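Following: one structure in structure tokens, then a few remarks.
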Amino acid sequence: MNKLKTIIPVLIFFAVLFSSYQNIFAHEIINKTVPDTLSVETTHAAIQHELPQAFMIVPFIILLLMIATGPLFYKHFWEHHYPKVSIVLGAVVVLYYIFYLNNYHSLTHTLAEYISFIALLSSLFVASGGILIRVDKKSTPFANVIFLLIGAVISNVIGTTGASMLLIRPFIKMNRDRLQPYHIIFFIFIVSNVGGALTPIGDPPLFLGFLSGVPFFWVIQNVWHIWVPAIILILAVFYLFDTLNKKDVDVVEYSGKIEFKGMKNLVYLLIIIAAVFVDPLVIPGVPSLAPLPFGIREIIMFAVVFISYKHADKEILKANEFDFEPIKEVAFLFVGIFATMVPALELIAHEANVLGDKLNQGVFYWATGTLSAVLDNTPTYMNFLSAAMGKYGLNVTIKQEVINFVRVDDIYLVAISVASVFFGAITYIGNGPNFMVKSISERAGIDMPPFFTYVIKYSLPILVPIYGIIWFIFFR
Amino acid sequence: MKKLDEVLENKINGLYYNNRLILPFHVHFLKVIIENEIITDFSPSSKGIYIREETDFTDVYFLEYKHLKDVVSKYETIKMVVVEKEKNVFDFNNHIKLAVYLENKHVLRIEKTDEDILFIE
């Protein structure tokens with residue numbers, strides 16, 4: 001009954017969004033002005049509409065504040081009611097766009113992005129939940145550094161979400177006799193965020209850039225020289241923290257074994273990775289399911305969720321204490337975040353376009369980064385890419401123009417790509433896996449710092465100076 | 001009153017009803033984890049948990065929840081660090097990590113956490 005109470009508002013919410021979808025396509029048939037795919041449609045279409053009033057960012061600010069303060073000051077109200085809060089605040093913005101602005105484009109675009117986002121996250125979450133890695137070795141600061149470095153590399157192959165889900169448990173187990181919250185926080189910094197900056201599979205904004213026309217290997221070719229020092233610096237700080245950690249109860253005996261169970265789920269992970277490319281824009285001939293707000297890719301990913309859970313090894317699920325709560329938390333919070341951030345993103349995009357000529361790569365770096373820390377980094381990336389291309393009179397919705405832009409002057413794209421991925425680590429809400437890692441860690445008994453403590457005690461003093469160095473060397 | 005060792009060895013189950021666990025032993029509680037809530041306050045004024053010892057069992061009420069079954073899913077457990085009564089609480093070797101599973105028909109399965117279960121004391 002309780003689950004029904006939670007699900008019904010979500011269904012209503014999506015029904016309203018989907019009805020707006022039908023409206024937009026009825027509208028398109030008449031005007032024939034909108035591209036027939038939504039996956040790279042950006043806020044250009046929305047900008048042609050009336051801009052939202054500034055006060056419409058209030059629901060977004062309220063949601064962010066509640067995410068930050070809820071677990072701290074009214075934990076049990078928040079735990080029981082966050083889905084309703086998220087949906088109600090999202091609905092305020094949705095209704096404003098539908099009935100006041102008559103702007104369906106922004107909503108439908110956001111809905112399509114949300115479905116892609118949750119399809120990828122949930123499929124990686126469930127598939128990796130059926131894999132058990134046993135690392136029964138005693139950790140040392142050096143071993144941890146190597147582990148995190150490997151995690152950073154793997155996050156470019158199976159995404160930051162997949163790598164986080166796969167590696168957080170063995171990382172906790174390795175460190176179980178000396179574990180401190182900073183272990184988890186550096187894991188979030190490196191594996192859940194910064195590590196995934198080298199390929200379009202690594203992090204969703206880079207993936208959207210790839211769908212828009214940025215060549216697949218452009219990212220690694222142009223970002224590796226920034227990725228390497230960033231990873232080295234963060235690992236160096238971690239090594240310092242870990243060396244100073246003298247907590248060692250030493251009641252645990254280690255066999256020294258490393259085991260891997262759940263091989264078939266590796267196949268599911270490979271299917272998810274392959275599905276990333278199943279898009280009409282990447283592989284000509286892949287059918288578009290428009291006007292539906294999802295494509296073949298999302299169907300494959302949701303099918304993997306179903307099949308991998310249904311056929312998972314029950315012993316592995318038990319060992320992983322598999323539960324849908326972490327992904328449910330992300331799904332509910334991000335439905336509100338995606339909906340409420342639409343006005344904020346449109347206002348930002350507008351300002352970026354107006355100020356385009358005055359913006360240099362440093363401004364793009366800091367602006368993309370700051371907003372990626374508190375907004376979803378995918379639309380932030382697209383809006384700033386749009387603004388950067390606007391400086392050259394190029395349109396982000398046209399694939400050839402994106403390719404031209406990359407050839408002409410790619411420093412802006414480098415700044416936007418790096419910042420959108422790196423700065424996701426600044427807050428728990430900067431990137432999807434951050435929250436999942438936090439939730440898994442808390443269920444394991446680790447007292448994780450609340451939202452503001454995470455920012456003030458860890459990300460501001462550690463990451464911001466490192467990102468400042470990156471800016472000074474590469475984007476000044 | 002059964003000892004915890006005896007309960008674990010003989011796989012004796014407890015019971016649960018709504019937000020109440022009935023554990024067939026008496027122990028000192030050090031830490032309890034339900035969902036992502038870590039409870040370490042076991043004083044009478046604790047807002048999260050209320051523990052009462054009866055002659056043959058221990059009642060544990062989770063005050064913030066109405067029905068444990070709503071929040072603890074199939075593969076999840078409620079985890080506890082406990083110490084057998086009359087044993088030295090300061091000796092880490094006496095700290096026992098338990099996982100309790102909510103089964104059908106109000107049956108509460110009690111196990112020592114196996115090596116795979118993530119549980120940091």
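Just so we're on the same page: first chain in the structure tokens is A, next is B, and so on; residues restart at 1 for each chain, and ligands are numbered from 1 in the order they show up.
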Return the neighbours of chain B among the residues of chain A, cut-off 7 Å, counting only C-alpha atoms, as a PDB file with C-alpha atoms, in the first residue's frame.
ATOM      1  CA  LYS A 173      36.345  -4.792   2.626  1.00  0.00           C
ATOM      2  CA  ARG A 176      37.624  -2.778   6.991  1.00  0.00           C
ATOM      3  CA  LEU A 317      22.756 -10.668  -4.160  1.00  0.00           C
ATOM      4  CA  LYS A 318      22.662 -11.716  -0.517  1.00  0.00           C
ATOM      5  CA  ALA A 319      26.376 -11.100  -0.090  1.00  0.00           C
ATOM      6  CA  ASN A 320      26.015  -7.690  -1.718  1.00  0.00           C
ATOM      7  CA  GLU A 321      22.874  -7.058   0.344  1.00  0.00           C
ATOM      8  CA  PHE A 322      21.367  -6.036  -2.911  1.00  0.00           C
ATOM      9  CA  ASP A 323      18.532  -3.587  -2.559  1.00  0.00           C
ATOM     10  CA  SER A 439      24.136   5.026   0.651  1.00  0.00           C
ATOM     11  CA  GLU A 442      26.119   3.991   5.344  1.00  0.00           C
ATOM     12  CA  ARG A 443      24.425   0.607   5.129  1.00  0.00           C
ATOM     13  CA  ALA A 444      27.809  -0.913   5.854  1.00  0.00           C
ATOM     14  CA  GLY A 445      27.970   1.102   9.074  1.00  0.00           C
ATOM     15  CA  ILE A 446      30.210   3.948   7.911  1.00  0.00           C
TER      16      ILE A 446
END
Notebook entry, point to check: Where does DSSP see strand (DSSP E) in chain B, if you list the residues as a VMD selection string?
Noted result: chain B and resid 14 to 17 20 to 23 27 to 34 37 to 39 49 to 53 58 to 62 78 to 84 95 to 102 107 to 112
Restrict the calculation to only C-alpha atoms, then for each residue of stretch 419-442 of chain A with any atom at most 12 Å from an atom of stretch 214-227 of chain A give the closest atom pair and their distance in Å to one decimal, rows by chain and rising residue number, as CSV.
residue,atom,partner,partner_atom,distance
A:Ala419,CA,A:Ile226,CA,10.7
A:Val421,CA,A:Trp227,CA,10.5
A:Phe422,CA,A:Trp227,CA,9.2
Those same residues, written as a compact mmCIF listing (two decimals), in the first residue's frame with N, CA, C and O atoms?
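Below you can see selection13.txt, which holds the result:
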# COMPACT_ATOMS: atom_id res chain seq x y z
N ALA A 419 35.71 20.25 -16.83
CA ALA A 419 35.00 20.83 -15.68
C ALA A 419 33.71 20.08 -15.37
O ALA A 419 33.40 19.83 -14.20
N VAL A 421 32.98 17.01 -15.74
CA VAL A 421 33.24 15.72 -15.08
C VAL A 421 33.90 15.93 -13.71
O VAL A 421 33.44 15.41 -12.70
N PHE A 422 34.95 16.71 -13.69
CA PHE A 422 35.73 16.88 -12.45
C PHE A 422 34.87 17.44 -11.31
O PHE A 422 34.93 16.99 -10.18
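Taking atom CA of A:Ala339 as the reference point, atom CA of A:Pro59 is found at 9.4 Å.
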* Find the residues around A:Tyr239 up to 9 Å (only C-alpha atoms counted), leave out those fewer than 3 positions away in its own chain, and share them as a PyMOL selection string. => chain A and resi 141-142+144-145+234-236+242-244
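Among the candidate residues B:Asp41, B:Glu6, B:Asn19, B:Leu30, the one lying nearest to B:Lys66 is B:Asn19, with distances computed using only C-alpha atoms.
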| If you run DSSP on this backbone, which residues of stretch 28-274 of chain A come out as helix (DSSP H, G or I), and could you give them as a ChimeraX atom specification? | /A:28-31,43-47,54-73,75-100,105-129,141-174,181-190,194-197,204-212,218-244,263-274
Out of B:Phe90, B:Tyr101, B:Tyr16, B:Phe25, which residue has the shortest atom-to-atom distance to B:Phe57 when counting only C-alpha atoms?
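Nearest to B:Phe57: B:Phe25.
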- Fewer than 5 positions away in the same chain doesn't count, so skip those; otherwise give me all residues within 9 Å of A:Ile466, counting only C-alpha atoms, as number ranges by chain. A: 230, 233-234, 461, 471
Using only C-alpha atoms, the best pick from A:Val418, A:Val335, A:Val237, A:Ile272 as closest to A:Pro465 would be A:Val237
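Between atom CA of B:Asp56 and atom CA of B:Leu23 there is a distance of 9.0 Å.
What separates atom CA of A:Ile316 from atom CA of A:Ile131 is a distance of 6.7 Å.
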Next item on the list: For each of A:Ala54, A:Ile403, A:Ile201, A:Ile456, take the minimum atom-to-atom distance to A:Glu346, counting only C-alpha atoms, then give the residue where this is smallest.
Entry: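 Looking at the shortest contact to A:Glu346, the residue is A:Ala54.
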For A:Asn265, find every residue with an atom within 8 Å (counting only C-alpha atoms), except residues of its own chain fewer than 4 positions away, and show them as an MDAnalysis selection string.
chainID A and resid 127:128 130:131 269 308 312
